Amino acid sequence: MSTVDPSAPTLIIVSGLSGSGKSVALKTFEDQDYYCSDNLPINLLPDFVRSLLANHDGSAPRRLAVGIDVRGQADLSQLGDWRQLATDAGVEVKVLFFEASDEAVLKRYADTRRRHPLSQLGLSLPEAIARERELTAPLRREADAVIDTSALNVHQLRRRIITEFTLDHATRLSLLFESFAYKRGVPAEADFVFDARVLPNPHWDPELRALSGREPGVREYLEAQPDVQRYLEQLMDFLDTWLPKLGDGTRSYVTVAFGCTGGKHRSVFLAERMARHAREMGWEDVATYHREQD
């Protein structure tokens, strides 16, 4: 793409097939502080951009991501024209297209048991996938990047989005704080792994058992535990010391993973708490991923 004004608003158009991980990508952009809107009808794109530029008080978001797919029930071949209008208005526009093999999409639908958006036409799932490929072909042709997610799991896709497509990824180290359950294995992509099973477990409190580590009751319980406070202090000291060293090298991303028995309370709490701490310390590209919940 040509050189653009670095202060210009950025618009990422997230397009592709249902079941290709497009929704995961959009959620990842949201975690990276993009203002996100899913299922935007393509003919509303110019108005969406104009409403952004019309706000001159400095409160308008400068990084946006919108999801466009067959659900919008519009002529997707118009994307090039609408994209040009946005570009002419001073917005840097990039189009990403997510796809996967028929086998991968079929398996994902079988796992989630969700309905395909074109199933209302009376098509079988294989027929709906084939028809969707035809309808989204204009989006694919317009794309700056086509991402095949057939062999990617959710956290691998999130990592790729964070490291390849978020703003200024080439000059900043991206941090991903991940939670997981040991019973399902340690994430293969983790650079640092910390075991939270040594900490008090909220699971044994009946009032907290159904909650997650993101909810106030669990946070308050864990923050009141002296062992948790000591764990956090030592963890912060370690990461504050060594993460900047990694940023001085050629790496563009680091995954810090926290594991506990079920991946619901302690590990989630630690991932969220350390992500907040990283932002407080000045890290800009920080995201969280909870493998057993997201």
# chains A, B, ... in the order shown; residues from 1 in each chain; ligands from 1
>>> residues_around(residues="range 147-153 of chain A", least_positions_apart="6", cutoff="6 Å", atoms="only C-alpha atoms", output="PyMOL selection string")
chain A and resi 98-101+104
>>> write_last_selection(atoms="all heavy atoms", output="CSV table (one decimal), in the first residue's frame")
chain,number,residue,atom,x,y,z
A,98,PHE,N,-10.9,-13.8,5.1
A,98,PHE,CA,-10.7,-15.0,5.8
A,98,PHE,C,-11.4,-16.2,5.2
A,98,PHE,O,-12.6,-16.1,4.9
A,98,PHE,CB,-11.1,-14.9,7.3
A,98,PHE,CG,-10.3,-13.9,8.1
A,98,PHE,CD1,-10.6,-12.5,8.0
A,98,PHE,CD2,-9.2,-14.3,8.8
A,98,PHE,CE1,-9.8,-11.6,8.7
A,98,PHE,CE2,-8.4,-13.4,9.5
A,98,PHE,CZ,-8.7,-12.1,9.4
A,99,GLU,N,-10.7,-17.3,4.9
A,99,GLU,CA,-11.3,-18.4,4.3
A,99,GLU,C,-10.8,-19.7,5.0
A,99,GLU,O,-9.8,-19.7,5.7
A,99,GLU,CB,-11.0,-18.4,2.8
A,99,GLU,CG,-9.5,-18.6,2.4
A,99,GLU,CD,-9.3,-18.6,0.9
A,99,GLU,OE1,-10.3,-18.3,0.2
A,99,GLU,OE2,-8.2,-18.8,0.5
A,100,ALA,N,-11.4,-20.8,4.6
A,100,ALA,CA,-10.9,-22.1,5.1
A,100,ALA,C,-11.4,-23.2,4.2
A,100,ALA,O,-12.3,-22.9,3.4
A,100,ALA,CB,-11.5,-22.4,6.6
A,101,SER,N,-10.9,-24.3,4.2
A,101,SER,CA,-11.3,-25.4,3.4
A,101,SER,C,-12.7,-25.9,3.7
A,101,SER,O,-13.2,-25.6,4.9
A,101,SER,CB,-10.3,-26.6,3.5
A,101,SER,OG,-10.4,-27.2,4.8
A,104,ALA,N,-12.7,-28.0,6.9
A,104,ALA,CA,-12.5,-27.2,8.1
A,104,ALA,C,-13.8,-26.5,8.5
A,104,ALA,O,-14.2,-26.5,9.7
A,104,ALA,CB,-11.4,-26.2,8.0
>>> residues_around(residues="His277 in chain A", least_positions_apart="3", cutoff="12 Å", atoms="only C-alpha atoms", output="number ranges by chain")
A: 175, 177, 232-233, 235-237, 239-240, 270-274, 280-284, 286-287
>>> closest_residue(among="A:Leu76, A:Ala65, A:Val91, A:Ala275", to="Pro46 in chain A", atoms="only C-alpha atoms")
A:Val91
>>> select_by_dssp(residues="range 178-273 of chain A", states="strand (DSSP E)", output="PDB file with N, CA and C atoms, in the first residue's frame")
ATOM      1  N   GLU A 178      -2.531 -15.196  28.159  1.00  0.00           N
ATOM      2  CA  GLU A 178      -3.470 -16.278  27.887  1.00  0.00           C
ATOM      3  C   GLU A 178      -3.709 -17.124  29.134  1.00  0.00           C
ATOM      4  N   SER A 179      -4.950 -17.563  29.314  1.00  0.00           N
ATOM      5  CA  SER A 179      -5.263 -18.506  30.389  1.00  0.00           C
ATOM      6  C   SER A 179      -5.605 -19.853  29.771  1.00  0.00           C
ATOM      7  N   PHE A 180      -5.362 -20.914  30.526  1.00  0.00           N
ATOM      8  CA  PHE A 180      -5.647 -22.254  30.017  1.00  0.00           C
ATOM      9  C   PHE A 180      -5.848 -23.224  31.179  1.00  0.00           C
ATOM     10  N   ALA A 181      -6.401 -24.390  30.865  1.00  0.00           N
ATOM     11  CA  ALA A 181      -6.573 -25.470  31.829  1.00  0.00           C
ATOM     12  C   ALA A 181      -5.501 -26.526  31.583  1.00  0.00           C
ATOM     13  N   PHE A 192       6.182 -17.925  27.889  1.00  0.00           N
ATOM     14  CA  PHE A 192       6.316 -18.078  29.336  1.00  0.00           C
ATOM     15  C   PHE A 192       5.069 -18.782  29.855  1.00  0.00           C
ATOM     16  N   VAL A 193       5.242 -19.734  30.755  1.00  0.00           N
ATOM     17  CA  VAL A 193       4.119 -20.448  31.355  1.00  0.00           C
ATOM     18  C   VAL A 193       4.247 -20.372  32.867  1.00  0.00           C
ATOM     19  N   PHE A 194       3.176 -19.931  33.532  1.00  0.00           N
ATOM     20  CA  PHE A 194       3.158 -19.817  34.982  1.00  0.00           C
ATOM     21  C   PHE A 194       2.003 -20.649  35.533  1.00  0.00           C
ATOM     22  N   ASP A 195       2.290 -21.416  36.573  1.00  0.00           N
ATOM     23  CA  ASP A 195       1.335 -22.351  37.157  1.00  0.00           C
ATOM     24  C   ASP A 195       0.597 -21.678  38.310  1.00  0.00           C
ATOM     25  N   TYR A 253       6.268 -10.385  19.045  1.00  0.00           N
ATOM     26  CA  TYR A 253       5.189 -10.792  19.934  1.00  0.00           C
ATOM     27  C   TYR A 253       5.718 -11.741  21.003  1.00  0.00           C
ATOM     28  N   VAL A 254       5.017 -11.756  22.141  1.00  0.00           N
ATOM     29  CA  VAL A 254       5.313 -12.673  23.240  1.00  0.00           C
ATOM     30  C   VAL A 254       3.981 -13.132  23.828  1.00  0.00           C
ATOM     31  N   THR A 255       3.859 -14.426  24.088  1.00  0.00           N
ATOM     32  CA  THR A 255       2.678 -14.972  24.745  1.00  0.00           C
ATOM     33  C   THR A 255       3.049 -15.422  26.149  1.00  0.00           C
ATOM     34  N   VAL A 256       2.354 -14.879  27.130  1.00  0.00           N
ATOM     35  CA  VAL A 256       2.544 -15.250  28.531  1.00  0.00           C
ATOM     36  C   VAL A 256       1.296 -16.015  28.961  1.00  0.00           C
ATOM     37  N   ALA A 257       1.459 -17.275  29.334  1.00  0.00           N
ATOM     38  CA  ALA A 257       0.312 -18.134  29.629  1.00  0.00           C
ATOM     39  C   ALA A 257       0.252 -18.478  31.117  1.00  0.00           C
ATOM     40  N   PHE A 258      -0.977 -18.523  31.627  1.00  0.00           N
ATOM     41  CA  PHE A 258      -1.230 -18.877  33.018  1.00  0.00           C
ATOM     42  C   PHE A 258      -2.171 -20.074  33.034  1.00  0.00           C
ATOM     43  N   GLY A 259      -1.796 -21.116  33.761  1.00  0.00           N
ATOM     44  CA  GLY A 259      -2.614 -22.315  33.811  1.00  0.00           C
ATOM     45  C   GLY A 259      -3.122 -22.616  35.200  1.00  0.00           C
ATOM     46  N   CYS A 260      -4.324 -23.159  35.264  1.00  0.00           N
ATOM     47  CA  CYS A 260      -4.846 -23.689  36.520  1.00  0.00           C
ATOM     48  C   CYS A 260      -5.630 -24.955  36.181  1.00  0.00           C
TER      49      CYS A 260
END
>>> residues_around(residues="Tyr34 in chain A", least_positions_apart="2", cutoff="12 Å", atoms="only C-alpha atoms", output="list in words")
Pro9, Thr10, Leu11, Ile12, Ile13, Ala25, Leu26, Lys27, Thr28, Phe29, Glu30, Asp31, Gln32, Cys36, Ser37, Ala60, Pro61, Arg62, Arg63, Leu64, Ala65, Val66, Ile162, Phe165, Thr166, Leu167, Asp285 and Ala287 of chain A
>>> atom_distance(atom1="CA of Gly16 in chain A", atom2="CA of Leu139 in chain A")
7.3 Å
>>> closest_residue(among="A:Leu243, A:Val198, A:Val95, A:Ile129", to="Val146 in chain A", atoms="only C-alpha atoms")
A:Val95
>>> select_by_dssp(residues="range 186-223 of chain A", states="helix (DSSP H, G or I)", output="compact mmCIF listing (two decimals) with N, CA and C atoms, in the first residue's frame")
# COMPACT_ATOMS: atom_id res chain seq x y z
N PRO A 202 -10.89 -20.55 44.01
CA PRO A 202 -12.27 -20.09 44.25
C PRO A 202 -13.31 -21.15 43.94
N HIS A 203 -12.92 -22.20 43.25
CA HIS A 203 -13.86 -23.26 42.91
C HIS A 203 -14.52 -23.85 44.15
N TRP A 204 -13.81 -23.86 45.27
CA TRP A 204 -14.33 -24.49 46.47
C TRP A 204 -15.28 -23.59 47.25
N PRO A 216 -16.11 -9.60 39.45
CA PRO A 216 -15.68 -8.94 40.69
C PRO A 216 -15.55 -9.87 41.89
N GLY A 217 -16.49 -10.78 42.06
CA GLY A 217 -16.44 -11.65 43.23
C GLY A 217 -15.18 -12.49 43.29
N VAL A 218 -14.77 -13.05 42.16
CA VAL A 218 -13.56 -13.86 42.11
C VAL A 218 -12.32 -12.98 42.30
N ARG A 219 -12.33 -11.82 41.64
CA ARG A 219 -11.19 -10.90 41.79
C ARG A 219 -10.99 -10.50 43.25
N GLU A 220 -12.07 -10.14 43.91
CA GLU A 220 -11.97 -9.71 45.31
C GLU A 220 -11.49 -10.85 46.19
N TYR A 221 -11.95 -12.05 45.93
CA TYR A 221 -11.52 -13.22 46.71
C TYR A 221 -10.01 -13.43 46.56
N LEU A 222 -9.54 -13.42 45.32
CA LEU A 222 -8.12 -13.69 45.08
C LEU A 222 -7.22 -12.55 45.56
N GLU A 223 -7.66 -11.32 45.35
CA GLU A 223 -6.84 -10.18 45.78
C GLU A 223 -6.70 -10.11 47.29
>>> residues_around(residues="range 113-127 of chain A", least_positions_apart="3", cutoff="9 Å", atoms="only C-alpha atoms", output="MDAnalysis selection string")
chainID A and resid 18:19 70:71 102 106 108:110 130:132
>>> write_last_selection(atoms="N, CA and C atoms", output="CSV table (one decimal), in the first residue's frame")
chain,number,residue,atom,x,y,z
A,18,SER,N,-18.3,-17.6,6.5
A,18,SER,CA,-18.7,-18.0,7.8
A,18,SER,C,-17.9,-19.2,8.2
A,19,GLY,N,-17.6,-19.3,9.5
A,19,GLY,CA,-16.8,-20.4,10.0
A,19,GLY,C,-15.3,-20.4,9.6
A,70,VAL,N,-21.9,-12.1,3.8
A,70,VAL,CA,-23.2,-12.3,3.1
A,70,VAL,C,-24.4,-11.9,4.0
A,71,ARG,N,-24.3,-11.8,5.3
A,71,ARG,CA,-25.4,-11.4,6.1
A,71,ARG,C,-26.0,-10.0,5.8
A,102,ASP,N,-13.4,-26.5,2.8
A,102,ASP,CA,-14.7,-27.0,3.1
A,102,ASP,C,-14.7,-28.0,4.3
A,106,LEU,N,-16.9,-27.3,7.6
A,106,LEU,CA,-17.9,-28.3,8.0
A,106,LEU,C,-17.7,-28.8,9.4
A,108,ARG,N,-16.2,-27.2,11.8
A,108,ARG,CA,-16.5,-26.1,12.8
A,108,ARG,C,-18.0,-26.0,13.0
A,109,TYR,N,-18.7,-26.1,12.0
A,109,TYR,CA,-20.2,-26.0,12.1
A,109,TYR,C,-20.7,-27.2,12.9
A,110,ALA,N,-20.1,-28.4,12.7
A,110,ALA,CA,-20.5,-29.6,13.4
A,110,ALA,C,-20.2,-29.4,14.9
A,130,ALA,N,-20.7,-23.6,-0.6
A,130,ALA,CA,-20.4,-23.3,-2.0
A,130,ALA,C,-21.0,-22.0,-2.5
A,131,ARG,N,-22.2,-21.8,-2.2
A,131,ARG,CA,-22.9,-20.5,-2.6
A,131,ARG,C,-22.2,-19.3,-2.0
A,132,GLU,N,-21.8,-19.5,-0.7
A,132,GLU,CA,-21.2,-18.3,0.0
A,132,GLU,C,-19.8,-18.0,-0.7
>>> atom_distance(atom1="CA of Leu157 in chain A", atom2="CA of Gly67 in chain A")
16.3 Å
>>> closest_residue(among="A:Pro226, A:Gly21, A:Gly262, A:Pro187", to="Ala210 in chain A", atoms="only C-alpha atoms")
A:Gly262
>>> closest_residue(among="A:Arg279, A:Leu52, A:Ser15, A:Asp75", to="Leu96 in chain A", atoms="only C-alpha atoms")
A:Ser15
>>> closest_residue(among="A:Ala54, A:Ala86, A:Leu135, A:Leu246", to="Asp69 in chain A", atoms="only C-alpha atoms")
A:Leu135
>>> atom_distance(atom1="CA of Pro138 in chain A", atom2="CA of Ser77 in chain A")
5.0 Å
